[in-house]
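The file data-v5.txt comes next; it holds compact mmCIF, C-alpha atoms and all ligand atoms.
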```txt
# COMPACT_ATOMS: atom_id res chain seq x y z
CA MET A 7 114.62 104.90 97.44
CA LYS A 8 112.40 101.83 97.55
CA VAL A 9 108.83 102.21 98.78
CA SER A 10 106.68 99.67 100.59
CA GLY A 11 102.95 100.39 100.90
CA SER A 12 101.00 99.65 104.10
CA PHE A 13 97.21 99.20 103.91
CA LEU A 14 96.69 99.23 107.70
CA SER A 15 94.58 102.44 107.59
CA SER A 16 92.67 101.40 104.48
CA LYS A 17 88.87 101.35 104.62
CA ASN A 18 88.63 99.03 101.62
CA ILE A 19 91.58 96.66 101.63
CA PRO A 20 90.94 94.71 98.38
CA ARG A 21 90.35 97.95 96.47
CA ASP A 22 93.48 99.65 97.85
CA ILE A 23 95.69 96.60 97.31
CA SER A 24 94.52 96.48 93.69
CA LYS A 25 95.25 100.21 93.38
CA LEU A 26 98.73 99.71 94.84
CA ASN A 27 99.25 96.88 92.40
CA ASP A 28 98.73 99.33 89.52
CA THR A 29 101.59 101.56 90.71
CA ASP A 30 105.35 101.01 90.63
CA ILE A 31 105.47 100.36 94.40
CA ASP A 32 108.23 97.89 95.34
CA TYR A 33 106.46 95.93 98.08
CA ILE A 34 103.16 95.56 99.89
CA HIS A 35 103.84 95.98 103.62
CA VAL A 36 101.72 93.56 105.66
CA ASP A 37 101.18 94.63 109.28
CA ILE A 38 100.20 91.77 111.58
CA GLY A 39 99.14 92.40 115.19
CA ASP A 40 98.23 89.64 117.68
CA GLY A 41 96.40 91.79 120.26
CA LYS A 42 99.20 91.01 122.76
CA PHE A 43 102.51 92.44 121.54
CA VAL A 44 100.41 95.37 120.32
CA LYS A 45 96.73 96.14 120.99
CA LEU A 46 96.03 95.77 117.30
CA LYS A 47 94.59 92.43 116.28
CA THR A 48 94.56 91.85 112.55
CA MET A 49 92.48 89.35 110.58
CA PRO A 50 93.26 85.65 110.91
CA PHE A 51 95.58 84.24 108.25
CA ARG A 52 92.83 82.35 106.43
CA GLU A 53 91.12 85.68 105.69
CA MET A 54 94.35 87.55 105.10
CA ARG A 55 95.57 85.11 102.50
CA ASN A 56 92.60 85.90 100.18
CA ILE A 57 93.59 89.53 100.10
CA TYR A 58 96.91 88.83 98.45
CA LYS A 59 95.16 87.50 95.39
CA PHE A 60 94.63 91.16 94.51
CA THR A 61 98.34 91.77 94.02
CA SER A 62 101.34 90.35 92.25
CA LYS A 63 103.73 92.52 94.28
CA ARG A 64 106.15 90.90 96.71
CA LEU A 65 105.14 91.13 100.38
CA ASP A 66 107.11 92.75 103.18
CA VAL A 67 105.63 91.15 106.32
CA HIS A 68 105.87 93.05 109.64
CA LEU A 69 104.95 90.80 112.56
CA MET A 70 103.98 92.79 115.65
CA VAL A 71 103.40 89.60 117.64
CA LYS A 72 104.68 87.88 120.77
CA LYS A 73 105.30 84.56 119.05
CA PRO A 74 106.75 85.01 115.55
CA SER A 75 107.32 81.24 115.18
CA LYS A 76 103.54 80.77 114.94
CA TYR A 77 103.22 83.15 111.99
CA ILE A 78 106.43 82.58 110.02
CA PRO A 79 105.34 79.27 108.36
CA LEU A 80 102.01 80.86 107.31
CA TYR A 81 103.43 83.97 105.70
CA ALA A 82 106.27 81.99 104.13
CA GLU A 83 103.58 80.37 101.96
CA LEU A 84 102.80 83.65 100.17
CA ASN A 85 104.77 85.73 97.65
CA THR A 86 106.97 87.02 100.45
CA GLU A 87 110.28 88.89 100.14
CA TYR A 88 110.82 89.80 103.82
CA ILE A 89 109.56 88.54 107.16
CA ILE A 90 110.36 90.95 109.97
CA PHE A 91 109.62 90.58 113.67
CA HIS A 92 110.51 92.64 116.72
CA VAL A 93 113.82 92.52 118.60
CA GLU A 94 111.72 93.09 121.77
CA VAL A 95 110.12 89.60 121.64
CA LEU A 96 110.99 87.03 124.28
CA GLU A 97 111.20 84.04 121.91
CA ASP A 98 114.58 82.67 120.76
CA ILE A 99 115.39 85.33 118.16
CA VAL A 100 118.16 83.41 116.37
CA LYS A 101 115.93 80.36 116.06
CA ASP A 102 113.14 82.43 114.52
CA LEU A 103 115.52 84.17 112.09
CA GLU A 104 116.84 80.76 111.04
CA LEU A 105 113.28 79.53 110.55
CA ILE A 106 112.63 82.40 108.11
CA LYS A 107 115.86 81.55 106.23
CA LYS A 108 114.79 77.92 105.99
CA TYR A 109 112.01 79.08 103.68
CA SER A 110 114.57 81.04 101.59
CA ILE A 111 112.95 84.30 102.66
CA LYS A 112 114.89 87.39 103.72
CA ALA A 113 114.84 87.99 107.46
CA GLY A 114 114.63 91.18 109.44
CA LEU A 115 114.24 92.65 112.89
CA ALA A 116 112.13 95.66 113.76
CA ILE A 117 113.13 98.03 116.54
CA SER A 118 110.59 100.11 118.47
CA PRO A 119 111.26 103.79 119.27
CA GLU A 120 112.18 103.15 122.92
CA THR A 121 114.63 100.32 122.19
CA LYS A 122 118.39 100.90 122.00
CA VAL A 123 120.19 100.17 118.72
CA SER A 124 122.75 98.05 120.61
CA GLU A 125 120.02 95.39 121.13
CA LEU A 126 120.45 94.48 117.46
CA VAL A 127 124.15 93.67 117.68
CA PRO A 128 123.96 89.91 118.46
CA TYR A 129 121.71 89.33 115.43
CA LEU A 130 123.51 91.36 112.75
CA PRO A 131 124.98 88.31 110.94
CA TYR A 132 121.45 86.98 110.33
CA LEU A 133 119.81 90.17 109.11
CA ASP A 134 118.86 91.21 105.57
CA VAL A 135 116.90 94.21 106.78
CA ILE A 136 116.39 96.34 109.88
CA LEU A 137 112.99 98.01 110.26
CA ILE A 138 113.32 101.17 112.31
CA MET A 139 109.95 102.15 113.78
CA SER A 140 109.40 105.90 113.57
CA VAL A 141 106.10 105.61 115.53
CA VAL A 142 104.99 103.40 118.41
CA PRO A 143 103.91 100.18 116.63
CA GLY A 144 100.22 99.32 116.51
CA LYS A 145 98.40 101.84 114.39
CA GLY A 146 98.60 103.85 111.19
CA GLY A 147 98.30 107.61 110.79
CA GLN A 148 100.62 108.59 113.65
CA GLU A 149 103.16 111.39 113.62
CA PHE A 150 106.80 110.63 112.75
CA ILE A 151 109.07 110.72 115.84
CA GLU A 152 111.87 113.20 115.01
CA GLU A 153 114.58 111.36 116.97
CA THR A 154 114.32 108.58 114.39
CA LYS A 155 116.64 110.68 112.23
CA ASP A 156 119.51 110.05 114.67
CA LYS A 157 118.55 106.40 115.09
CA ILE A 158 118.84 105.83 111.34
CA LYS A 159 122.35 107.35 111.43
CA GLU A 160 123.25 105.16 114.39
CA VAL A 161 122.03 101.98 112.67
CA ARG A 162 123.90 102.94 109.47
CA ALA A 163 127.13 103.41 111.46
CA LEU A 164 126.59 100.07 113.21
CA LEU A 165 126.04 98.25 109.89
CA ASN A 166 129.17 99.85 108.45
CA SER A 167 131.29 98.94 111.45
CA TYR A 168 130.17 95.29 111.28
CA LYS A 169 130.42 95.26 107.46
CA SER A 170 126.76 94.20 107.31
CA LYS A 171 124.88 94.61 104.05
CA ALA A 172 121.47 94.69 105.74
CA LEU A 173 119.08 97.29 104.36
CA ILE A 174 117.45 99.97 106.49
CA SER A 175 113.68 100.36 106.29
CA VAL A 176 111.77 103.08 108.16
CA ASP A 177 108.11 102.63 109.15
CA GLY A 178 105.55 105.12 110.46
CA GLY A 179 104.47 108.68 109.71
CA ILE A 180 106.27 108.82 106.37
CA ASN A 181 105.24 111.62 104.00
CA GLU A 182 106.90 114.04 101.57
CA GLU A 183 108.34 116.06 104.49
CA THR A 184 109.45 113.36 106.91
CA LYS A 185 111.12 111.39 104.12
CA ASN A 186 113.80 114.12 104.19
CA LEU A 187 114.75 112.91 107.68
CA CYS A 188 115.34 109.40 106.28
CA ALA A 189 117.91 110.05 103.56
CA ASP A 190 120.11 107.26 104.94
CA ALA A 191 117.37 104.61 104.59
CA ASP A 192 116.93 102.13 101.73
CA ILE A 193 113.19 101.49 102.04
CA LEU A 194 110.38 103.73 103.26
CA VAL A 195 107.13 102.18 104.48
CA ALA A 196 104.14 104.47 103.95
CA GLY A 197 100.50 103.82 104.77
CA SER A 198 97.99 106.63 105.28
CA TYR A 199 100.04 109.10 103.19
CA ILE A 200 99.34 106.87 100.18
CA THR A 201 95.97 105.27 100.96
CA ASN A 202 94.30 108.55 102.05
CA SER A 203 95.11 110.13 98.70
CA ASP A 204 93.36 110.11 95.33
CA ASP A 205 96.55 109.52 93.42
CA PHE A 206 98.60 106.64 94.86
CA GLN A 207 101.29 106.84 92.17
CA GLU A 208 101.91 110.56 92.75
CA LYS A 209 102.47 109.94 96.49
CA ILE A 210 104.78 107.01 95.83
CA THR A 211 106.82 109.03 93.33
CA SER A 212 107.18 111.86 95.88
CA LEU A 213 108.91 109.42 98.28
CA ARG A 214 111.51 108.08 95.86
C1 LIG B 301 102.46 100.87 112.56
C2 LIG B 301 102.67 100.05 111.32
C3 LIG B 301 102.96 100.86 110.11
C4 LIG B 301 101.85 101.78 109.74
C5 LIG B 301 102.29 102.81 108.75
O1 LIG B 301 102.26 100.01 113.62
O2 LIG B 301 103.73 99.14 111.51
O3 LIG B 301 103.33 100.02 109.02
O4 LIG B 301 100.75 101.11 109.20
O5 LIG B 301 101.23 103.67 108.53
P1 LIG B 301 101.44 105.25 108.43
O6 LIG B 301 102.29 105.48 107.20
O7 LIG B 301 100.06 105.75 108.30
O8 LIG B 301 102.13 105.69 109.67
ZN ZN B 302 104.56 98.15 109.73
```

Spell out the structure here as structure tokens.
Ligand code: DX5
Ligand code: ZN
Amino acid sequence: MKVSGSFLSSKNIPRDISKLNDTDIDYIHVDIGDGKFVKLKTMPFREMRNIYKFTSKRLDVHLMVKKPSKYIPLYAELNTEYIIFHVEVLEDIVKDLELIKKYSIKAGLAISPETKVSELVPYLPYLDVILIMSVVPGKGGQEFIEETKDKIKEVRALLNSYKSKALISVDGGINEETKNLCADADILVAGSYITNSDDFQEKITSLR
């Protein structure tokens, strides 16, 4: 299992990103909120970009924003493996996925707990990853929604039936117990479980 570390709940971001950098974590998960799509409003890009100097890990960017097209060119500038935005946005989704691909970055769609898996169908040919939200997007430290277990199974069946090679990532409330409900995933995103602990590596290892 791959692990992506979120620093959304961190009280000292540069310190925790450096600490994550010293582990074998696969990606740094970057949560971006615009204060509109979600209440959360994260730092402007010009401040955010300084933070990534503290890591050589590839970034897994999760845009919780109304207008992904505004953010894609900015985050494409960094050491970015994935840019993921929400299937619930009203922008032209195919156009935005193609914009990500133009930068030779892997593209993904995130799906919120209340959204049906069938919403993803039109976009499957464009997707390298699907981010299944196991909490309502917008803040760290929430409890894993149990029904996500069935949603992961549903997405896996959908990918198989369309012969898609997209990976499944699960985000929110991940810990050593809830990871057992995500056996069918490829990547687990974990925030507070790692950053609230004294031993980041031990927590990461427990998720693999
Ligand atoms: C929620 C974010 C998650 C969150 C994960 O809106 O997308 O990435 O920070 O944090 P934990 O693991 O604390 O739920
Ligand atoms: Zn996230």

So which residues are near ligand ZN 302 (chain B), meaning at most 9 Å away with all atoms listed in the file counted, given back as a list of chain:residue names? A:Ser12, A:Leu14, A:His35, A:Val36, A:Asp37, A:Ile38, A:Asp66, A:Val67, A:His68, A:Leu69, A:Met70, A:Ala116, A:Leu137, A:Met139, A:Pro143, A:Gly144, A:Lys145, A:Gly146, A:Val176, A:Asp177, A:Gly178, A:Val195, A:Ala196, A:Gly197

Expected file: the selected residues, C-alpha atoms, as a compact mmCIF listing (two decimals), keeping the file's coordinate frame:
```txt
# COMPACT_ATOMS: atom_id res chain seq x y z
CA SER A 12 101.00 99.65 104.10
CA LEU A 14 96.69 99.23 107.70
CA HIS A 35 103.84 95.98 103.62
CA VAL A 36 101.72 93.56 105.66
CA ASP A 37 101.18 94.63 109.28
CA ILE A 38 100.20 91.77 111.58
CA ASP A 66 107.11 92.75 103.18
CA VAL A 67 105.63 91.15 106.32
CA HIS A 68 105.87 93.05 109.64
CA LEU A 69 104.95 90.80 112.56
CA MET A 70 103.98 92.79 115.65
CA ALA A 116 112.13 95.66 113.76
CA LEU A 137 112.99 98.01 110.26
CA MET A 139 109.95 102.15 113.78
CA PRO A 143 103.91 100.18 116.63
CA GLY A 144 100.22 99.32 116.51
CA LYS A 145 98.40 101.84 114.39
CA GLY A 146 98.60 103.85 111.19
CA VAL A 176 111.77 103.08 108.16
CA ASP A 177 108.11 102.63 109.15
CA GLY A 178 105.55 105.12 110.46
CA VAL A 195 107.13 102.18 104.48
CA ALA A 196 104.14 104.47 103.95
CA GLY A 197 100.50 103.82 104.77
```

Just need the box for ligand LIG 301 (chain B), edges along x, y and z, holding every atom the file lists for it with 4 Å tacked onto each side, so centre and edge lengths in Å to one decimal, as lines of an AutoDock Vina configuration file.
```
center_x = 101.9
center_y = 102.4
center_z = 110.4
size_x = 11.7
size_y = 14.6
size_z = 14.4
```

At a cut-off of 12 Å around the point (110.9, 95.7, 115.1) (file coordinates), what residues fall inside when counting only C-alpha atoms? I'd like the answer as a ChimeraX atom specification. /A:37-38,43-44,67-72,74,89-95,99,113-123,125-126,135-144,174-178

Given the choices A:Met49, A:Leu194, A:Ile57, A:Val161, which gets closest to ligand LIG 301 (chain B) if the distance is worked out from all atoms listed in the file? A:Leu194

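Using only C-alpha atoms, the smallest distance between any of A:Glu97, A:Glu104, A:Thr154, A:Ser170 and Pro131 in chain A comes from A:Ser170.
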
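Restricting the calculation to all atoms listed in the file, the smallest distance between Asn85 in chain A and any of A:Tyr132, A:Phe51, A:Tyr109, A:Tyr58 is found for A:Tyr58.
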
When you look at Pro20 in chain A with a cut-off of 10 Å (counting all atoms listed in the file), what residues show up, excluding the ones that are within fewer than 5 positions of it in the same chain? I need them as a list of chain:residue names. A:Phe13, A:Lys25, A:Leu26, A:Asn56, A:Ile57, A:Tyr58, A:Lys59, A:Phe60, A:Thr61

Mind pulling up the distance from CA of Ser10 in chain A to atom O1 of ligand LIG 301 (chain B)? 13.8 Å

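You can rank A:Leu165, A:Leu96, A:Val9, A:Ile158 by their closest distance to ligand LIG 301 (chain B) using all atoms listed in the file, and at the top of that list sits A:Val9.
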
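When CA of Pro79 in chain A is paired with CA of Glu53 in chain A, their separation reads 15.8 Å.
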
Sphere at (113.9, 106.5, 103.0), radius 9 Å, counting only C-alpha atoms: residues as an mmCIF file with C-alpha atoms, in the frame of the given file:
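The resulting selection-v2.cif:
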```
data_model
loop_
_atom_site.group_PDB
_atom_site.id
_atom_site.type_symbol
_atom_site.label_atom_id
_atom_site.label_comp_id
_atom_site.auth_asym_id
_atom_site.auth_seq_id
_atom_site.Cartn_x
_atom_site.Cartn_y
_atom_site.Cartn_z
ATOM 1 C CA MET A 7 114.620 104.900 97.440
ATOM 2 C CA LYS A 8 112.400 101.830 97.550
ATOM 3 C CA VAL A 9 108.830 102.210 98.780
ATOM 4 C CA ILE A 174 117.450 99.970 106.490
ATOM 5 C CA SER A 175 113.680 100.360 106.290
ATOM 6 C CA VAL A 176 111.770 103.080 108.160
ATOM 7 C CA ILE A 180 106.270 108.820 106.370
ATOM 8 C CA LYS A 185 111.120 111.390 104.120
ATOM 9 C CA ASN A 186 113.800 114.120 104.190
ATOM 10 C CA LEU A 187 114.750 112.910 107.680
ATOM 11 C CA CYS A 188 115.340 109.400 106.280
ATOM 12 C CA ALA A 189 117.910 110.050 103.560
ATOM 13 C CA ASP A 190 120.110 107.260 104.940
ATOM 14 C CA ALA A 191 117.370 104.610 104.590
ATOM 15 C CA ASP A 192 116.930 102.130 101.730
ATOM 16 C CA ILE A 193 113.190 101.490 102.040
ATOM 17 C CA LEU A 194 110.380 103.730 103.260
ATOM 18 C CA VAL A 195 107.130 102.180 104.480
ATOM 19 C CA LEU A 213 108.910 109.420 98.280
ATOM 20 C CA ARG A 214 111.510 108.080 95.860
#
```

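Candidate residues A:Ser16, A:Val127, A:Glu183, A:Glu153 were compared for distance to Ser212 in chain A, and the nearest is A:Glu183, using all atoms listed in the file.
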
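Distance-wise, atom O4 of ligand LIG 301 (chain B) and CA of Glu160 in chain A end up 23.4 Å apart.
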
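In this comparison, which uses all atoms listed in the file, the residue of A:Leu164, A:Leu173, A:Ile151, A:Ala82 approaching ligand LIG 301 (chain B) most closely is A:Ile151.
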
Give me, as a compact mmCIF listing (two decimals) with C-alpha atoms, in the coordinates of the input, all polymer residues having an atom no more than 10 Å from Asp28 in chain A, counting all atoms listed in the file and skipping those fewer than 5 positions away in the same chain.
```txt
# COMPACT_ATOMS: atom_id res chain seq x y z
CA ASP A 22 93.48 99.65 97.85
CA ILE A 23 95.69 96.60 97.31
CA THR A 61 98.34 91.77 94.02
CA SER A 62 101.34 90.35 92.25
CA LYS A 63 103.73 92.52 94.28
CA PHE A 206 98.60 106.64 94.86
CA GLN A 207 101.29 106.84 92.17
```
